[in-house]
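Have a look at query_5.cif; it's mmCIF, C-alpha atoms:
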data_target
loop_
_atom_site.label_atom_id
_atom_site.label_comp_id
_atom_site.auth_asym_id
_atom_site.auth_seq_id
_atom_site.Cartn_x
_atom_site.Cartn_y
_atom_site.Cartn_z
CA MET A 1 78.72 93.99 85.00
CA ALA A 2 78.29 96.81 87.41
CA ALA A 3 77.05 100.10 86.03
CA LEU A 4 79.54 102.80 86.87
CA GLY A 5 78.48 105.91 84.95
CA LEU A 6 80.85 108.15 83.06
CA PRO A 7 84.60 107.77 83.66
CA LEU A 8 85.08 111.53 83.62
CA ARG A 9 82.66 111.89 86.51
CA THR A 10 84.60 109.32 88.54
CA PHE A 11 87.84 111.12 87.75
CA ARG A 12 86.50 114.47 88.88
CA SER A 13 85.16 112.96 92.11
CA LEU A 14 88.57 111.35 92.72
CA VAL A 15 90.30 114.69 92.25
CA ARG A 16 87.89 116.24 94.72
CA GLU A 17 88.71 113.55 97.30
CA LEU A 18 92.44 114.07 96.75
CA ARG A 19 91.93 117.76 97.36
CA TYR A 20 90.22 116.96 100.65
CA THR A 21 93.10 114.73 101.75
CA LYS A 22 95.55 117.57 101.21
CA GLY A 23 93.47 120.02 103.21
CA GLU A 24 94.00 123.77 103.09
CA ALA A 25 97.65 123.91 104.08
CA GLY A 26 100.58 122.65 102.06
CA ARG A 27 101.02 122.03 98.40
CA SER A 28 98.43 121.67 95.71
CA TYR A 29 96.89 118.29 94.96
CA ARG A 30 98.37 118.59 91.48
CA ASP A 31 101.82 117.88 92.97
CA MET A 32 100.68 114.59 94.46
CA ALA A 33 102.07 111.47 92.80
CA ALA A 34 98.62 109.88 93.00
CA TYR A 35 97.09 112.70 90.97
CA GLN A 36 99.73 112.38 88.27
CA TYR A 37 99.21 108.63 88.15
CA LEU A 38 95.43 108.86 87.92
CA LYS A 39 95.62 111.48 85.20
CA GLU A 40 97.95 109.33 83.12
CA ALA A 41 95.91 106.18 83.70
CA PHE A 42 92.63 107.78 82.73
CA ARG A 43 94.27 109.31 79.68
CA ALA A 44 95.84 106.03 78.58
CA HIS A 45 92.56 104.17 78.85
CA ARG A 46 90.53 106.72 76.99
CA VAL A 47 88.96 104.85 74.09
CA THR A 48 87.30 106.68 71.31
CA SER A 49 85.27 104.06 69.48
CA GLU A 50 84.05 101.46 71.90
CA LYS A 51 81.47 98.74 72.15
CA LEU A 52 82.60 97.48 75.54
CA CYS A 53 86.23 97.89 76.34
CA ARG A 54 87.30 95.37 78.97
CA ALA A 55 90.46 97.23 79.96
CA GLN A 56 88.66 100.49 80.39
CA HIS A 57 85.98 98.86 82.48
CA ASP A 58 88.64 97.27 84.71
CA LEU A 59 90.34 100.58 85.25
CA HIS A 60 87.06 102.33 85.86
CA PHE A 61 86.01 99.72 88.40
CA GLN A 62 89.30 100.18 90.27
CA ALA A 63 88.93 103.94 90.14
CA ALA A 64 85.36 103.74 91.46
CA THR A 65 86.54 101.42 94.24
CA TYR A 66 89.34 103.80 95.17
CA LEU A 67 86.87 106.68 95.14
CA CYS A 68 84.61 104.72 97.48
CA LEU A 69 87.59 104.07 99.78
CA LEU A 70 88.66 107.72 99.97
CA HIS A 71 85.12 108.98 100.40
CA SER A 72 84.19 106.45 103.09
CA VAL A 73 87.40 107.02 105.04
CA ARG A 74 86.79 110.77 105.03
CA LYS A 75 83.17 110.42 106.16
CA HIS A 76 84.09 107.82 108.78
CA LEU A 77 86.87 109.98 110.17
CA ALA A 78 84.54 112.99 110.37
CA LEU A 79 81.96 110.94 112.28
CA HIS A 80 84.70 109.48 114.49
CA GLN A 81 85.99 112.90 115.46
CA GLU A 82 82.48 114.19 116.03
CA TYR A 83 81.29 111.36 118.26
CA HIS A 84 84.32 109.39 119.50
CA GLY A 85 87.16 111.91 119.18
CA SER A 86 87.13 113.21 122.73
CA GLY A 87 87.09 109.89 124.55
CA GLU A 88 84.36 108.77 126.89
CA ARG A 89 81.32 110.99 127.42
CA SER A 90 79.94 112.13 130.73
CA PRO A 91 76.51 110.80 131.75
CA GLU A 92 75.00 114.25 131.07
CA GLU A 93 76.35 114.24 127.52
CA VAL A 94 75.14 110.70 126.86
CA ALA A 95 71.67 111.60 128.09
CA GLY A 96 71.66 114.71 125.90
CA LEU A 97 72.64 112.64 122.87
CA VAL A 98 69.33 110.78 122.93
CA GLY A 99 67.31 113.83 123.93
CA LEU A 100 67.07 113.12 127.67
CA LYS A 101 68.10 115.09 130.72
CA LEU A 102 69.42 113.79 134.03
CA PRO A 103 67.05 114.43 136.94
CA HIS A 104 67.83 117.53 138.93
CA GLN A 105 67.57 117.38 142.70
CA PRO A 106 67.14 120.76 144.38
CA GLY A 107 69.59 121.13 147.24
CA GLY A 108 71.86 118.29 146.11
CA LYS A 109 71.47 114.57 146.49
CA GLY A 110 72.83 114.40 150.00
CA TRP A 111 75.97 112.35 149.35
CA GLU A 112 78.19 115.08 147.90
CA SER A 113 80.89 116.17 150.29
CA MET B 1 82.36 105.33 139.28
CA TRP B 2 85.70 104.94 137.52
CA ARG B 3 86.93 108.15 138.95
CA GLY B 4 86.17 106.73 142.36
CA SER B 5 88.22 103.60 141.72
CA LEU B 6 91.07 105.76 140.43
CA ARG B 7 90.96 107.79 143.61
CA SER B 8 91.10 104.68 145.76
CA LEU B 9 94.05 103.41 143.72
CA LEU B 10 95.85 106.70 144.15
CA SER B 11 95.27 106.74 147.89
CA GLY B 12 97.98 104.10 148.25
CA ILE B 13 100.57 106.31 146.52
CA PRO B 14 102.84 108.50 148.73
CA LEU B 15 101.84 112.12 149.03
CA SER B 16 104.83 113.51 147.12
CA ILE B 17 103.76 111.65 143.99
CA ARG B 18 100.11 112.44 144.52
CA ARG B 19 100.84 116.12 144.40
CA GLU B 20 102.22 115.62 140.90
CA ARG B 21 99.14 113.77 139.72
CA PRO B 22 96.90 116.67 138.62
CA VAL B 23 99.68 117.95 136.37
CA LEU B 24 100.08 114.54 134.77
CA LEU B 25 96.35 114.15 134.25
CA ALA B 26 96.12 117.57 132.68
CA ARG B 27 98.70 116.57 130.09
CA GLY B 28 96.58 113.67 128.91
CA SER B 29 96.27 109.99 129.48
CA VAL B 30 99.56 109.32 127.65
CA PHE B 31 101.54 109.52 130.86
CA LEU B 32 99.29 107.23 132.87
CA PRO B 33 100.37 103.61 133.20
CA ALA B 34 98.10 101.17 131.38
CA GLU B 35 96.39 99.84 134.51
CA LEU B 36 95.40 103.35 135.61
CA ARG B 37 94.02 104.40 132.23
CA ARG B 38 90.25 104.47 131.97
CA PRO B 39 88.91 101.72 129.76
CA TYR B 40 87.69 102.63 126.25
CA THR B 41 89.64 105.87 126.13
CA PRO B 42 91.23 106.37 122.73
CA GLN B 43 94.81 105.20 122.45
CA PRO B 44 97.39 107.98 122.17
CA GLU B 45 98.13 108.69 118.52
CA ARG B 46 101.61 109.18 117.15
CA LYS B 47 102.48 112.57 115.80
CA ARG B 48 103.16 112.82 112.10
CA PHE B 49 106.88 112.27 112.42
CA TYR B 50 107.75 112.69 108.75
CA GLN B 51 107.43 115.39 106.11
CA ASN B 52 107.73 113.73 102.73
CA VAL B 53 106.49 110.38 101.48
CA SER B 54 107.96 108.77 98.38
CA ILE B 55 108.11 105.35 96.80
CA SER B 56 111.14 103.54 95.43
CA GLN B 57 111.78 100.22 93.78
CA GLY B 58 113.75 97.79 95.91
CA GLU B 59 114.57 94.10 95.81
CA GLY B 60 111.28 92.84 97.27
CA GLY B 61 109.09 95.22 95.29
CA PHE B 62 107.98 98.80 95.73
CA GLU B 63 108.95 100.37 99.05
CA ILE B 64 107.65 103.40 100.92
CA ASN B 65 110.09 106.01 102.21
CA LEU B 66 109.20 108.46 104.97
CA ASP B 67 111.90 111.15 104.85
CA HIS B 68 114.67 108.80 103.66
CA ARG B 69 113.70 106.16 106.19
CA LYS B 70 112.16 102.96 104.95
CA LEU B 71 108.71 102.09 106.22
CA ARG B 72 108.69 98.83 108.16
CA THR B 73 105.97 96.39 109.17
CA PRO B 74 105.11 95.71 112.85
CA GLN B 75 107.38 92.65 112.69
CA ASN B 76 110.21 94.87 111.46
CA LYS B 77 110.30 93.61 107.90
CA THR B 78 110.84 96.06 105.08
CA PHE B 79 107.50 97.20 103.74
CA ALA B 80 107.57 96.12 100.09
CA VAL B 81 104.54 95.56 97.89
CA PRO B 82 104.35 93.87 94.49
CA SER B 83 102.42 96.54 92.63
CA GLU B 84 103.40 100.14 91.96
CA THR B 85 99.79 101.30 92.02
CA LEU B 86 99.33 99.74 95.44
CA ALA B 87 102.50 101.41 96.72
CA LEU B 88 101.20 104.71 95.41
CA ALA B 89 97.88 104.24 97.18
CA VAL B 90 99.65 103.35 100.43
CA ALA B 91 101.92 106.39 100.06
CA THR B 92 98.84 108.57 99.56
CA GLU B 93 97.42 107.15 102.79
CA TRP B 94 100.56 108.19 104.69
CA GLU B 95 100.65 111.53 102.93
CA SER B 96 97.07 112.36 103.81
CA GLN B 97 97.65 112.11 107.58
CA ARG B 98 97.47 115.55 109.14
CA ASP B 99 98.93 116.18 112.63
CA THR B 100 98.71 112.64 113.97
CA VAL B 101 98.97 109.27 112.26
CA LYS B 102 95.55 107.64 112.45
CA PHE B 103 96.14 103.97 111.79
CA PHE B 104 92.45 103.07 111.87
CA THR B 105 91.94 105.02 108.64
CA MET B 106 94.84 103.35 106.80
CA HIS B 107 93.18 100.19 105.58
CA LEU B 108 95.52 99.49 102.66
CA THR B 109 98.59 99.81 104.89
CA THR B 110 96.97 97.42 107.36
CA LEU B 111 96.23 94.88 104.65
CA CYS B 112 99.77 95.04 103.29
CA ASN B 113 101.16 94.59 106.79
CA THR B 114 98.96 91.52 107.28
CA ALA B 115 100.07 90.03 103.99
CA LEU B 116 103.75 90.74 104.70
CA ASP B 117 103.85 89.60 108.32
CA ASN B 118 101.15 86.93 108.11
CA PRO B 119 100.64 87.15 111.90
CA SER B 120 98.37 84.10 112.02
CA GLN B 121 101.04 82.04 110.18
CA ARG B 122 98.62 80.36 107.83
CA SER B 123 99.36 78.69 104.54
CA LYS B 124 97.54 79.26 101.28
CA GLU B 125 95.46 76.10 101.74
CA GLN B 126 94.34 77.16 105.19
CA LEU B 127 93.31 80.58 103.89
CA ILE B 128 91.23 78.98 101.15
CA THR B 129 89.59 76.51 103.55
CA ALA B 130 88.68 79.33 105.92
CA ALA B 131 87.21 81.34 103.05
CA VAL B 132 85.09 78.49 101.69
CA LYS B 133 83.93 77.60 105.21
CA PHE B 134 82.07 80.92 105.14
CA LEU B 135 79.81 79.56 102.42
CA GLU B 136 78.03 77.35 104.96
CA THR B 137 76.92 80.43 106.91
CA ASP B 138 76.76 82.91 104.06
CA THR B 139 74.65 85.97 104.93
CA ILE B 140 72.67 85.99 101.72
CA CYS B 141 71.73 82.31 102.06
CA TYR B 142 70.12 82.82 105.46
CA ARG B 143 66.53 84.03 105.14
CA VAL B 144 63.97 85.18 107.66
CA GLU B 145 60.36 83.94 107.81
CA GLU B 146 58.84 87.13 109.18
CA PRO B 147 58.07 90.04 108.83
CA PRO B 148 56.67 89.58 105.31
CA ALA B 149 58.10 92.88 104.02
CA LEU B 150 61.64 91.79 104.93
CA VAL B 151 61.07 88.33 103.47
CA GLU B 152 60.01 89.99 100.23
CA LEU B 153 62.99 92.37 100.30
CA GLN B 154 65.51 89.56 100.87
CA LYS B 155 63.95 87.53 98.08
CA ASN B 156 64.03 90.43 95.62
CA GLU B 157 67.55 91.60 96.45
CA TRP B 158 69.46 88.43 97.28
CA ASP B 159 67.97 85.89 94.88
CA PRO B 160 69.38 87.56 91.72
CA VAL B 161 72.86 87.55 93.28
CA ILE B 162 72.66 83.84 94.12
CA ALA B 163 71.25 83.10 90.67
CA TRP B 164 74.13 85.01 89.09
CA ALA B 165 76.73 83.11 91.12
CA GLU B 166 75.09 79.76 90.32
CA LYS B 167 75.13 80.54 86.61
CA ARG B 168 78.64 82.01 86.59
CA TYR B 169 80.28 79.07 88.36
CA ASN B 170 77.78 76.42 87.33
CA VAL B 171 77.08 75.33 90.92
CA VAL B 172 74.12 74.82 93.25
CA ILE B 173 73.90 77.13 96.27
CA GLY B 174 70.28 77.77 97.25
CA SER B 175 68.92 79.50 100.33
CA SER B 176 67.27 78.40 103.54
CA THR B 177 65.20 79.69 106.44
CA SER B 178 66.42 76.93 108.76
CA ILE B 179 68.90 77.67 111.54
CA LEU B 180 71.25 75.09 110.05
CA GLY B 181 71.47 77.02 106.81
CA PRO B 182 71.33 75.64 103.30
CA SER B 183 73.00 72.33 102.54
CA ILE B 184 75.80 73.18 100.16
CA PRO B 185 76.88 70.22 97.99
CA GLN B 186 80.56 69.26 98.06
CA SER B 187 80.89 69.95 94.32
CA THR B 188 80.06 73.63 94.96
CA LYS B 189 82.75 73.86 97.62
CA ASP B 190 85.27 72.17 95.32
CA THR B 191 84.49 74.66 92.56
CA PHE B 192 85.12 77.62 94.85
CA ILE B 193 88.27 76.02 96.29
CA SER B 194 89.75 75.57 92.83
CA HIS B 195 88.67 79.08 91.85
CA LEU B 196 90.31 80.65 94.90
CA ALA B 197 93.44 78.57 94.37
CA SER B 198 94.12 80.62 91.23
CA TYR B 199 94.84 83.70 93.39
CA ASN B 200 98.22 84.36 94.99
CA THR B 201 98.78 84.54 98.76
CA TRP B 202 98.61 88.34 98.89
CA ALA B 203 95.26 88.39 97.13
CA LEU B 204 93.96 85.59 99.38
CA HIS B 205 94.68 87.65 102.49
CA GLY B 206 92.61 90.43 100.94
CA ILE B 207 89.84 88.02 99.95
CA GLU B 208 89.63 86.61 103.46
CA TYR B 209 89.44 90.11 104.90
CA MET B 210 86.71 91.00 102.41
CA ILE B 211 84.67 87.90 103.24
CA THR B 212 84.85 88.50 106.98
CA GLN B 213 83.79 92.11 106.49
CA LEU B 214 80.83 91.35 104.21
CA LYS B 215 80.05 88.08 106.05
CA SER B 216 79.50 86.54 102.65
CA LEU B 217 81.57 84.56 100.19
CA ILE B 218 79.10 85.06 97.37
CA LEU B 219 79.10 88.86 97.63
CA SER B 220 82.90 88.81 97.75
CA VAL B 221 83.04 86.69 94.61
CA CYS B 222 80.75 89.24 92.93
CA LEU B 223 83.23 91.97 93.84
CA LEU B 224 86.14 89.91 92.53
CA ASP B 225 84.27 89.51 89.25
CA LYS B 226 83.41 93.21 89.20
CA SER B 227 79.73 92.41 88.79
CA LEU B 228 78.75 94.54 91.78
CA THR B 229 80.15 97.84 92.98
CA VAL B 230 81.41 98.12 96.54
CA GLU B 231 78.45 100.30 97.49
CA GLN B 232 76.00 97.70 96.19
CA ALA B 233 77.75 94.81 97.92
CA VAL B 234 77.83 96.63 101.26
CA LEU B 235 74.16 97.55 100.92
CA LEU B 236 73.27 93.91 100.22
CA SER B 237 75.38 92.75 103.14
CA ARG B 238 73.59 95.17 105.48
CA LEU B 239 70.14 94.52 104.03
CA GLU B 240 68.38 93.69 107.28
CA GLU B 241 69.94 96.66 109.06
CA GLU B 242 68.87 98.95 106.23
CA TYR B 243 65.35 97.57 106.52
CA GLN B 244 65.31 98.27 110.26
CA ILE B 245 66.66 101.78 109.60
CA GLN B 246 63.77 102.43 107.21
CA HIS B 247 61.40 101.33 109.92
CA TRP B 248 62.94 102.91 113.02
CA GLY B 249 65.04 105.73 111.67
CA THR B 250 68.77 106.19 111.35
CA VAL B 251 71.25 107.09 114.07
CA GLU B 252 74.28 108.85 112.65
CA TRP B 253 76.80 107.81 115.27
CA ALA B 254 75.92 104.14 115.04
CA HIS B 255 74.44 103.28 111.64
CA ASP B 256 76.28 105.72 109.41
CA TYR B 257 79.49 105.23 111.36
CA ASP B 258 79.35 101.45 110.86
CA ALA B 259 78.26 101.72 107.26
CA TYR B 260 81.12 104.03 106.26
CA GLU B 261 83.63 101.89 108.09
CA LEU B 262 82.37 98.74 106.40
CA ARG B 263 82.45 100.46 103.02
CA ALA B 264 85.99 101.71 103.55
CA ARG B 265 87.23 98.28 104.62
CA THR B 266 85.48 96.49 101.77
CA ALA B 267 86.71 99.00 99.20
CA ALA B 268 90.26 98.68 100.52
CA ALA B 269 90.12 94.89 100.34
CA THR B 270 88.64 94.93 96.82
CA LEU B 271 91.27 97.31 95.55
CA PHE B 272 93.99 95.34 97.31
CA VAL B 273 92.95 92.04 95.71
CA HIS B 274 92.64 93.54 92.25
CA LEU B 275 95.99 95.31 92.43
CA CYS B 276 97.76 92.25 93.82
CA SER B 277 96.38 89.77 91.29
CA GLU B 278 96.60 91.73 88.09
CA SER B 279 99.42 91.56 85.64
CA SER B 280 99.29 94.62 83.52
CA THR B 281 99.98 94.32 79.85
CA ILE B 282 99.99 97.25 77.52
CA LYS B 283 98.48 96.75 74.12
CA HIS B 284 98.87 99.63 71.78
CA LYS B 285 96.15 100.21 69.29
CA LEU B 286 97.18 100.21 65.69
CA MET B 287 96.79 103.52 64.04
CA GLN B 288 93.99 103.42 61.55
CA ASP B 289 93.67 105.98 58.84
#

Same coordinates, now as structure tokens:
Amino acid sequence: MAALGLPLRTFRSLVRELRYTKGEAGRSYRDMAAYQYLKEAFRAHRVTSEKLCRAQHDLHFQAATYLCLLHSVRKHLALHQEYHGSGERSPEEVAGLVGLKLPHQPGGKGWES
Amino acid sequence: MWRGSLRSLLSGIPLSIRRERPVLLARGSVFLPAELRRPYTPQPERKRFYQNVSISQGEGGFEINLDHRKLRTPQNKTFAVPSETLALAVATEWESQRDTVKFFTMHLTTLCNTALDNPSQRSKEQLITAAVKFLETDTICYRVEEPPALVELQKNEWDPVIAWAEKRYNVVIGSSTSILGPSIPQSTKDTFISHLASYNTWALHGIEYMITQLKSLILSVCLLDKSLTVEQAVLLSRLEEEYQIQHWGTVEWAHDYDAYELRARTAAATLFVHLCSESSTIKHKLMQD
């Protein structure tokens, strides 16, 4: 069985991701249906005296998977906008990306009109 | 170079239209016909055309409403999913779009669309056969012979997973360094076929997606059994790449980009399968005092 850590930690990370999806503008994440659902689900599966509770582990695994989904999508989107968001790069930009510079010819290369 | 070919294409167009061209270009590639668009430019994204997202229960299951309009699949079927939790997750995906709708980040919506439309028109048996076929070329059964550090790493990381799967399903899998891969006995395949047959069609679409992302049936089965987390499974699937990264260094726009995408896709597929195959029962604890 996969080790997942504390459920409360997963819940708090999930709430953080939901807050990111809402962004600055608009309503609070507390109004989101997903937040209400997660809160209820975590509450319902809170077990006080446990050896190993199968149902709680199932829920926690799903929650951790959902957390991984939200987190990875956010990171992937950030990288996409940083590196692929503006379409194709110019040769100068591509060279700069790997720390190179295009050769400079004083007085032009002769074929510019 | 491409600009040059564009110019030569435009030279055939009458002058009156050509005068318009700079204006059109300045407004973005949206207005260019497909054959004039530069290759590999990002496709124009749709604006977020809705304000509110809600879910409702219909005949086929739980539906998504965008401002009182029902969400539809690419083949114009009503978008209806069997699980309320899944509908909620899909609704959250639509809700979290900012100015434009970015379909490449909406993995759960994509998976639901695939399951609803079934664009490849395959039956349950065909899905299972395709999934089990992956076992013959399973990533974690293919081993390298050199360099020794990588051989050691693959042995330490992958062998416990194979051993777990062999014990859990009581089958023989093994590993191989040959190009032909390990010889998987028919009894192993039969076991996995009968195991996969216990899932419904929706879940099988998710399982197939998961297998093709991870390039491994065994790792996918581990995820289905919740014996590995998504992060662990993705790390194991990318073991050789991770080894190379340790050796040569990481490049954010290639390695991290791929890794996050793979993680997102795998997590979406895992969640999708679990939500589609579960039947929730509520058992109340008896009060003890």

Distance query Leu239 of chain B at most 10 Å, only C-alpha atoms, self and fewer than 6 positions along chain excluded, as a PyMOL selection string: chain B and resi 139-140+150+153-154+157-158+233+245

Choose the residue, out of B:Ser220, B:Thr212, B:Thr92, B:Ser187, that has the smallest atom-to-atom separation from Tyr29 of chain A; count all atoms listed in the file.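 Using all atoms listed in the file, the shortest distance to Tyr29 of chain A belongs to B:Thr92.
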
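Of the residues under consideration (B:Asn200, B:Thr270, B:Ser237, B:Gln246), B:Thr270 shows the shortest atom-to-atom contact distance to Asp225 of chain B when counting all atoms listed in the file.
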
Residues selected by the PyMOL selection byres ((chain A) within 10 of (chain B)), written as a PyMOL selection string: chain A and resi 1-4+18-23+25+32-35+37-38+44+47+55+57-58+61-80+82-89+97-98

For atom CA of Thr78 of chain B and atom CA of Glu59 of chain B, determine how far apart the two atoms are, in Å to one decimal place.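 Value for the atom CA of Thr78 of chain B-atom CA of Glu59 of chain B distance: 10.2 Å.
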
Apply the PyMOL selection byres ((chain B and resi 159-170) around 9) to the displayed file and report the matching residues as an MDAnalysis selection string. chainID B and resid 140:141 154:158 171:175 188 191:192 218:219 221:222

Selected residues written out, C-alpha atoms, as a PDB file, in the coordinates of the input:
ATOM      1  CA  ILE B 140      72.670  85.990 101.720  1.00  0.00           C
ATOM      2  CA  CYS B 141      71.730  82.310 102.060  1.00  0.00           C
ATOM      3  CA  GLN B 154      65.510  89.560 100.870  1.00  0.00           C
ATOM      4  CA  LYS B 155      63.950  87.530  98.080  1.00  0.00           C
ATOM      5  CA  ASN B 156      64.030  90.430  95.620  1.00  0.00           C
ATOM      6  CA  GLU B 157      67.550  91.600  96.450  1.00  0.00           C
ATOM      7  CA  TRP B 158      69.460  88.430  97.280  1.00  0.00           C
ATOM      8  CA  VAL B 171      77.080  75.330  90.920  1.00  0.00           C
ATOM      9  CA  VAL B 172      74.120  74.820  93.250  1.00  0.00           C
ATOM     10  CA  ILE B 173      73.900  77.130  96.270  1.00  0.00           C
ATOM     11  CA  GLY B 174      70.280  77.770  97.250  1.00  0.00           C
ATOM     12  CA  SER B 175      68.920  79.500 100.330  1.00  0.00           C
ATOM     13  CA  THR B 188      80.060  73.630  94.960  1.00  0.00           C
ATOM     14  CA  THR B 191      84.490  74.660  92.560  1.00  0.00           C
ATOM     15  CA  PHE B 192      85.120  77.620  94.850  1.00  0.00           C
ATOM     16  CA  ILE B 218      79.100  85.060  97.370  1.00  0.00           C
ATOM     17  CA  LEU B 219      79.100  88.860  97.630  1.00  0.00           C
ATOM     18  CA  VAL B 221      83.040  86.690  94.610  1.00  0.00           C
ATOM     19  CA  CYS B 222      80.750  89.240  92.930  1.00  0.00           C
TER      20      CYS B 222
END

His247 of chain B surroundings by all atoms listed in the file, 12 Å radius, close-in-sequence under 5 positions cut, as number ranges by chain: B: 147, 149-150, 240-242

For the atom pair atom CA of Glu63 of chain B and atom CA of Arg27 of chain A, what is the interatomic distance in Å to one decimal place?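 It comes out at 23.1 Å.
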
Given the PyMOL selection byres ((chain B and resi 64-72) around 12) and the file above, list the residues it selects as a ChimeraX atom specification. /B:48-58,60-63,73-84,86-95,109-110,112-113,116-117

Between atom CA of Asp138 of chain B and atom CA of Ser216 of chain B lies a distance of 4.8 Å

For Glu45 of chain B, work out the shell of residues within 10 Å, counting all atoms listed in the file and skipping chain neighbours fewer than 4 positions away, then give it as a VMD selection string. chain B and resid 30 99 to 103

Test item: which residues lie within 10 Å of (92.5, 109.1, 84.1) counting all atoms listed in the file, as number ranges by chain: A: 7-8, 10-12, 14, 35-46, 59-60, 63

Using all atoms listed in the file, can you tell me which of A:Ala95, A:Gln56, A:Lys109, A:Leu100 comes closest to Leu6 of chain A? A:Gln56

For segment 32-43 of chain A, where the input has fewer atoms than it should, I would like N, CA and C atoms rebuilt and written as a PDB file, in the frame of the given file.
ATOM      1  N   MET A  32     100.692 115.943  93.890  1.00  0.00           N
ATOM      2  CA  MET A  32     100.680 114.590  94.460  1.00  0.00           C
ATOM      3  C   MET A  32     100.965 113.555  93.373  1.00  0.00           C
ATOM      4  N   ALA A  33     101.744 112.525  93.761  1.00  0.00           N
ATOM      5  CA  ALA A  33     102.070 111.470  92.800  1.00  0.00           C
ATOM      6  C   ALA A  33     100.802 110.731  92.373  1.00  0.00           C
ATOM      7  N   ALA A  34      99.851 110.601  93.310  1.00  0.00           N
ATOM      8  CA  ALA A  34      98.620 109.880  93.000  1.00  0.00           C
ATOM      9  C   ALA A  34      97.830 110.607  91.914  1.00  0.00           C
ATOM     10  N   TYR A  35      97.829 111.942  91.977  1.00  0.00           N
ATOM     11  CA  TYR A  35      97.090 112.700  90.970  1.00  0.00           C
ATOM     12  C   TYR A  35      97.715 112.488  89.597  1.00  0.00           C
ATOM     13  N   GLN A  36      99.040 112.583  89.539  1.00  0.00           N
ATOM     14  CA  GLN A  36      99.730 112.380  88.270  1.00  0.00           C
ATOM     15  C   GLN A  36      99.424 111.007  87.692  1.00  0.00           C
ATOM     16  N   TYR A  37      99.458 110.008  88.588  1.00  0.00           N
ATOM     17  CA  TYR A  37      99.210 108.630  88.150  1.00  0.00           C
ATOM     18  C   TYR A  37      97.806 108.475  87.602  1.00  0.00           C
ATOM     19  N   LEU A  38      96.834 109.000  88.335  1.00  0.00           N
ATOM     20  CA  LEU A  38      95.430 108.860  87.920  1.00  0.00           C
ATOM     21  C   LEU A  38      95.198 109.549  86.579  1.00  0.00           C
ATOM     22  N   LYS A  39      95.793 110.724  86.433  1.00  0.00           N
ATOM     23  CA  LYS A  39      95.620 111.480  85.200  1.00  0.00           C
ATOM     24  C   LYS A  39      96.136 110.665  84.016  1.00  0.00           C
ATOM     25  N   GLU A  40      97.352 110.118  84.204  1.00  0.00           N
ATOM     26  CA  GLU A  40      97.950 109.330  83.120  1.00  0.00           C
ATOM     27  C   GLU A  40      97.109 108.092  82.818  1.00  0.00           C
ATOM     28  N   ALA A  41      96.658 107.426  83.896  1.00  0.00           N
ATOM     29  CA  ALA A  41      95.910 106.180  83.700  1.00  0.00           C
ATOM     30  C   ALA A  41      94.597 106.448  82.974  1.00  0.00           C
ATOM     31  N   PHE A  42      93.892 107.473  83.399  1.00  0.00           N
ATOM     32  CA  PHE A  42      92.630 107.780  82.730  1.00  0.00           C
ATOM     33  C   PHE A  42      92.868 108.170  81.280  1.00  0.00           C
ATOM     34  N   ARG A  43      93.961 108.896  81.042  1.00  0.00           N
ATOM     35  CA  ARG A  43      94.270 109.310  79.680  1.00  0.00           C
ATOM     36  C   ARG A  43      94.600 108.108  78.803  1.00  0.00           C
TER      37      ARG A  43
END
